[in-house]
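Asks: The structure follows.
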Amino acid sequence: MKKVTVYESTSQLIILATGGTIDKSYGVGAGVRELSFSSESAITDILREVQAALEYPIVRLMAKDSLDMNDTDRATIVAMCSAVPQPRVLITHGTDTMDKTAAAIAARRIAKTIVLTGAGQPAVVKGTDANFNVGFALSSALSASRGVYIAMNARLYVWNKCKKNEVTGVFEPT
């Protein structure tokens with residue numbers, strides 16, 4: 001995929017990668033069970049695999065587990081959503097604190113369509129929900145009206161109308 005800087009793009013949508021399970025991968029070597037972040041966000045491979053018809057600029061803001069994100073990280077995400085010229089933003093994010101980041105973005109009342117998504121399993125795992133969630137979130141980001149949304153488990157929620165079920169890992173309406 002061609003590298004495009006944020007301000008060179010004529011695209012109506014930008015993708016901001018922040019880490020989370022979707023971006024994790026297994027290390028190499030016998031007995032390695034630790035998950036870590038690779039040098040490039042999984043979103044690049046996902047878009048290639050699903051043969052996305054258009055190219056979108058991708059900015060990797062950070063590579064963090066969402067449980068390790070703090071207010072400074074969220075402020076960085078909010079600032080980037082506000083600063084980019086694109087009217088539509090897709091954010092890949094860890095699912096554990098996706099709602100906190102969505103709340104921080106919504107508090108700024110940015111006049112854009114902003115969709116957060118993630119995955120229950122890393123994108124590199126066979127049978128992951130990553131590809132579907134990204135495709136669904138991408139379509140949602142391109143078609144939804146202005147606002148902040150969470151796109152998970154084949155549903156698009158207004159950011160404060162869902163909650164992750166900690167037992168099943170599935171996002172449910174509140």
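Naming works like this for the structure tokens: A, B, ... for the chains as they're shown, residue 1 at the start of each chain, ligands 1 onward in shown order.
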If we count only C-alpha atoms and set the cut-off at 9 Å, which residues sit around Gly169 in chain A, ignoring sequence neighbours fewer than 4 positions away in its own chain? Please answer as number ranges by chain.
Replies: A: 95, 120, 164-165
Asks: Give me the residues near Leu67 in chain A as a PyMOL selection string, where near means some atom within 8 Å (using only C-alpha atoms) and where sequence neighbours in that chain fewer than 4 positions away do not count.
Replies: chain A and resi 94+96-97
Asks: Taking N, CA and C atoms for each residue, export the selection above as a PDB file, in the first residue's frame.
Replies:
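Written output follows (again21.pdb):
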ATOM      1  N   GLY A  94      -7.826  -0.750  21.153  1.00  0.00           N
ATOM      2  CA  GLY A  94      -8.111  -1.878  22.033  1.00  0.00           C
ATOM      3  C   GLY A  94      -9.539  -1.787  22.546  1.00  0.00           C
ATOM      4  N   ASP A  96     -10.851  -2.853  25.457  1.00  0.00           N
ATOM      5  CA  ASP A  96     -11.095  -2.695  26.893  1.00  0.00           C
ATOM      6  C   ASP A  96     -11.404  -1.267  27.314  1.00  0.00           C
ATOM      7  N   THR A  97     -10.794  -0.284  26.665  1.00  0.00           N
ATOM      8  CA  THR A  97     -11.051   1.115  27.044  1.00  0.00           C
ATOM      9  C   THR A  97     -11.496   1.965  25.852  1.00  0.00           C
TER      10      THR A  97
END
Asks: If you measure from CA of Ala17 in chain A to CA of Leu47 in chain A, what distance in Å do you get, rounded to one decimal?
Replies: 12.9 Å
Asks: What's the 6 Å shell around Lys112 in chain A, counting only C-alpha atoms, without same-chain residues fewer than 3 positions away, as a list in words?
Replies: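 In the requested format, the answer is Pro87, Arg88 and Arg146 of chain A.
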Asks: Put those residues in a file: N, CA and C atoms, as a short mmCIF file (atom, residue, chain, number, x, y, z; two decimals), in the first residue's frame.
Replies:
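Result file out-v1.cif:
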data_model
loop_
_atom_site.label_atom_id
_atom_site.label_comp_id
_atom_site.auth_asym_id
_atom_site.auth_seq_id
_atom_site.Cartn_x
_atom_site.Cartn_y
_atom_site.Cartn_z
N PRO A 87 -12.96 14.57 6.86
CA PRO A 87 -14.19 14.66 7.65
C PRO A 87 -14.61 13.33 8.28
N ARG A 88 -13.91 12.26 7.91
CA ARG A 88 -14.24 10.93 8.43
C ARG A 88 -12.98 10.26 8.96
N ARG A 146 -22.42 12.61 11.01
CA ARG A 146 -21.44 13.09 11.99
C ARG A 146 -21.76 12.55 13.38
#
Asks: Which residues are near Phe136 in chain A? Cut-off 8 Å, only C-alpha atoms, ignore same chain within fewer than 3 positions. Put them as a list in words.
Replies: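 Contacts, in chain order: Phe132, Asn133, Ser139, Ser140, Ala151 and Ala154 of chain A.
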Asks: Using DSSP assignments from the backbone, pull out every residue in chain A that falls under strand (DSSP E or B) and give it to me as a ChimeraX atom specification.
Replies: /A:13-19,24-26,35-37,58-64,88-92,113-117,147-152,155-158,162-164,171-173
Asks: Please indicate the distance in Å from CA of Ile150 in chain A to CA of Leu116 in chain A, rounded to one decimal place.
Replies: 4.9 Å
Asks: Report as a list in words all protein, DNA and RNA residues lying within 10 Å of range 81-85 of chain A, evaluated on only C-alpha atoms, omitting residues in the same chain fewer than 2 positions from it.
Replies: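 With the cut-off at 10 Å, the set is Val6, Tyr7, Glu8, Ser9, Thr10, Ser11, Gln12, Leu13, Ile14, Ile15, Leu16, Ala75, Thr76, Ile77, Val78, Ala79, Pro87, Arg88, Val89, Leu90, Ile91, Ile105, Arg108, Arg109, Ile110, Ala111, Lys112, Thr113 and Ile114 of chain A.
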Asks: Taking only range 4-114 of chain A into account, list the residues labelled helix (DSSP H, G or I) by DSSP (computed from the backbone), as a VMD selection string.
Replies: chain A and resid 21 to 23 42 to 49 66 to 68 71 to 83 98 to 107
Asks: Tell me which of A:Val148, A:Met62, A:Ile22, A:Ala137 sits closest to Ala106 in chain A, counting only C-alpha atoms.
Replies: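 Selected residue with least distance to Ala106 in chain A: A:Val148.
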Asks: In terms of the shortest atom-to-atom distance over only C-alpha atoms, which of A:Val170, A:Leu142, A:Ala52, A:Ala104 is closest to Asp73 in chain A?
Replies: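 Among A:Val170, A:Leu142, A:Ala52, A:Ala104, it is A:Ala104 that comes nearest to Asp73 in chain A.
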